[in-house]
Protein chains: 2
Amino acid sequence: MEKVFASIITIGDELLIGQVIDTNSAWIAQELNKIGISVKHRTAVGDVKEDIVEALDQESKRASIIIITGGLGPTADDITKPLLCEYFGGKMVMHQPTLAHVTNIFENVLKRPMIERNTLQAMVPDVCTVLLNEKGTAPGMLFEKEGKIYISLPGVPHEMKWIMQNHIIPLIPTKFSTGFIEHKTLLTFGIGESFLAEKIASTEAQLPAHIKLAYLPNSGMVRLRLSAFGFNQEALLASLSTHFEALKIAVGEYLVTDQDIPMETIVANLLKDQKATLSTAESCTGGYIAHLLTTSPGASKYFTGSVVCYDNRIKTSLLQVPEKVLLTEGAVSETTVKQMATAILNLMNTDYSIAVSGIMGPDGGTPEKAVGLVWIAVASKTAIHAKAFNLRYDRSRNIIMTATNALNMLRMLIVDKH
Amino acid sequence: MEKVFASIITIGDELLIGQVIDTNSAWIAQELNKIGISVKHRTAVGDVKEDIVEALDQESKRASIIIITGGLGPTADDITKPLLCEYFGGKMVMHQPTLAHVTNIFENVLKRPMIERNTLQAMVPDVCTVLLNEKGTAPGMLFEKEGKIYISLPGVPHEMKWIMQNHIIPLIPTKFSTGFIEHKTLLTFGIGESFLAEKIASTEAQLPAHIKLAYLPNSGMVRLRLSAFGFNQEALLASLSTHFEALKIAVGEYLVTDQDIPMETIVANLLKDQKATLSTAESCTGGYIAHLLTTSPGASKYFTGSVVCYDNRIKTSLLQVPEKVLLTEGAVSETTVKQMATAILNLMNTDYSIAVSGIMGPDGGTPEKAVGLVWIAVASKTAIHAKAFNLRYDRSRNIIMTATNALNMLRMLIVDKH
């Protein structure tokens, strides 16, 4: 048995001029990984016939599974479908089930008259297997040639995902002996990449050839990922676990979690375990912490609500920060965030609270309080802690770093490590 | 003169397994576009020597400017630097200015002892021009070979951006005659891609060969972009403007803006023009609308604050939604969102307000109120409007669509089109 590789080709000028960020490729790679397929290569080309053909030629040399996204919408900048038809030597025909599906969408969902352009979406090359797209009008297409499969998918993320999950992921194991890829990831906080590398050097040196280690720094945290590949799943999982446990010990006090989950999910899980509730009082983060906490389904179990007090008057009126404190110590001060944390805890009657106030930049800095200064407080019914940070990034990164640090401070309060 | 093309190579297993979304490539492409460089091709490879070499060989056939990101961190999964040294036939030497810079970061910023791994970051191939990285320890590198330039940049976004803006963007016009690329983008709301295509078909047919049209659907809106390329900037801008004005007329009542800005910026600009203020009362969006509105610097001019009332008790206690209304009509109802909009307007004393309440899924639906049902209200001191939407997507997309629709309703209220 050999390792099976995939390539991803994304088509569209919008990707090359940077107007759209490609989130599809990462999602596809994750899904393929779960069933033992490694993505060998990713390539992005514009809506240019020769470039697409060249990409098809090249990726078919690299991989057995070639996944193509984009270029299938109803409008004129899309050239992919006729090109694929020609590439695989077919002719365009009307696909009746797709036509019925598109007609149904227009009659019963959109409730709009259908135009010729919509009908054309049901035209497909006669050399492909059509992959019905329940979420939209552009069908997916599967081509097979010389033992390789080529899958063309619409670029709209939720349509692409539906076809992948319902057609492609079930199909691949019937065509290839895929082997197993297993990952284990842990999250560290409070240690830089180079120091972490020193700390775990001897553990890293003992990794066998089939297990790779990667450092993934992000928002002041470093994730460490072990990836193992093999054909005997049981033996693979056993050796991976052994080395992962050794890695956890080597990381020591910097370990936050041994799961591949973001900080907001760690906090959510701790709150759910305690059946505890949380509220936030946010100035500089403008609701971003609340947004992170409500991204996961079931957030109402632990998240009560938030007051975003962007204007200082709201700090006074809703969160009882005395005007005198704002005048003497300022909105970005220990006294202010502690009062905000206490006030929101009482106002929303929660078990825990987070409060943040800072200067995210690029404007708003003063000689005494520079851009990047943030005060964060976390409170429970019996304890309150506050800490200042000096962030050195741009506005959007400062907002993210503030949220991450605030959630980490709450985590430490909950697990009583403060 | 010929058009100058660039290619982007991103290096890192984390991109191929989908653990990280590549946002660097889009940003680089945008910046190159502004100075007349088209990105011809993008490719992503893992931390595998032969794959990186193959990518360098292939992209050097496609483009004159090859930009490589990633693979330069201080840890052991990085193999890029020695590989580039070998590829361009150099040997590794210590770069004293970089060593001084790294030492300074450790002594004065991080205030930590430096370890050998950090010193090694100042080792560079003797055949490159070093591009000092003010934002981090890994320097950028510029190689030149057969009239082409190769630029290696760290993958950390804010470091990569700093080197691009301070070294690469100023350098390129000194090496190449770049021509001009100009884009104009407009935003439509409330019309699908295929119907829009019908509506503007005759205008599209009149576009000259040097102006391309692209459809960019996103979150229920469709952006239309005209891209023009030429060497006479004045003539180029004149013809682009003519066709763009024609396109605006063809789009008609669906036009939201003729600038390439997101909906939250449109609303922010309208508020700033009127010197008006806004507050939000958010249930199902959990602070996401407030977050969008505070992403831009200067948001304190128009954004006062928000109450995130995720728990129904907060709707009653802070926003005076009567318990009886919650019991009889429910939290997701016209009466509830209108009361929320009125209450937050008064509570925060703003000129306008937005209120949303809905069922984002995947849980929480009932036979009467399905997942995806959202009520949105927008209010001013003299008017209030509410509307129900039935969204059909996953949770995170439903949150985004709710925010977009809410901001659009506010826009219509401000410009008095409601």
# chains A, B, ... in the order shown; residues from 1 in each chain; ligands from 1

$ select_by_dssp --residues "stretch 181-306 of chain A" --states "strand (DSSP E)" --output "PyMOL selection string"
chain A and resi 181-189+211-218+221-230+255-257+278-282+303-306

$ residues_around --residues "A:Ile261" --least-positions-apart "6" --cutoff "9 Å" --atoms "only C-alpha atoms" --output "JSON, numbers by chain"
{"A": [185, 186, 187]}

$ interface_residues --of "chain A" --to "chain B" --cutoff "7 Å" --atoms "only C-alpha atoms" --output "VMD selection string"
chain A and resid 15 to 23 25 to 27 29 to 30 33 39 to 45 74 to 75 77 117 to 118 193 to 194 197 214 286 to 288 290 to 291 294 to 295 297 300 303 to 311 314 348 361 to 362 396

$ select_by_dssp --residues "stretch 85-180 of chain A" --states "alpha helix (DSSP H)" --output "NGL selection string"
:A and (85-87 or 96-104 or 116-120 or 157-163 or 169-175)

$ residues_around --residues "B:Val93" --least-positions-apart "3" --cutoff "12 Å" --atoms "only C-alpha atoms" --output "PyMOL selection string"
chain B and resi 81-82+85+90+96+98-99+119-128+130

$ closest_residue --among "A:Thr80, A:Thr69, A:Thr137, A:Asn269" --to "A:Ala100" --atoms "only C-alpha atoms"
A:Thr137

$ residues_around --residues "B:Ile181" --least-positions-apart "5" --cutoff "6 Å" --atoms "only C-alpha atoms" --output "NGL selection string"
:B and (36 or 228-229)

$ write_last_selection --atoms "C-alpha atoms" --output "compact mmCIF listing (two decimals), in the first residue's frame"
# COMPACT_ATOMS: atom_id res chain seq x y z
CA GLY B 36 0.58 47.26 -11.18
CA ALA B 228 -8.37 47.39 -16.23
CA PHE B 229 -4.74 47.01 -17.27

$ atom_distance --atom1 "atom CA of A:Lys381" --atom2 "atom CA of A:Thr402"
22.9 Å

$ residues_around --residues "B:Leu83" --least-positions-apart "5" --cutoff "9 Å" --atoms "only C-alpha atoms" --output "PyMOL selection string"
chain B and resi 49+52-53+88

$ residues_around --residues "stretch 140-150 of chain A" --least-positions-apart "4" --cutoff "7 Å" --atoms "only C-alpha atoms" --output "ChimeraX atom specification"
/A:64-67,127-133,154,163
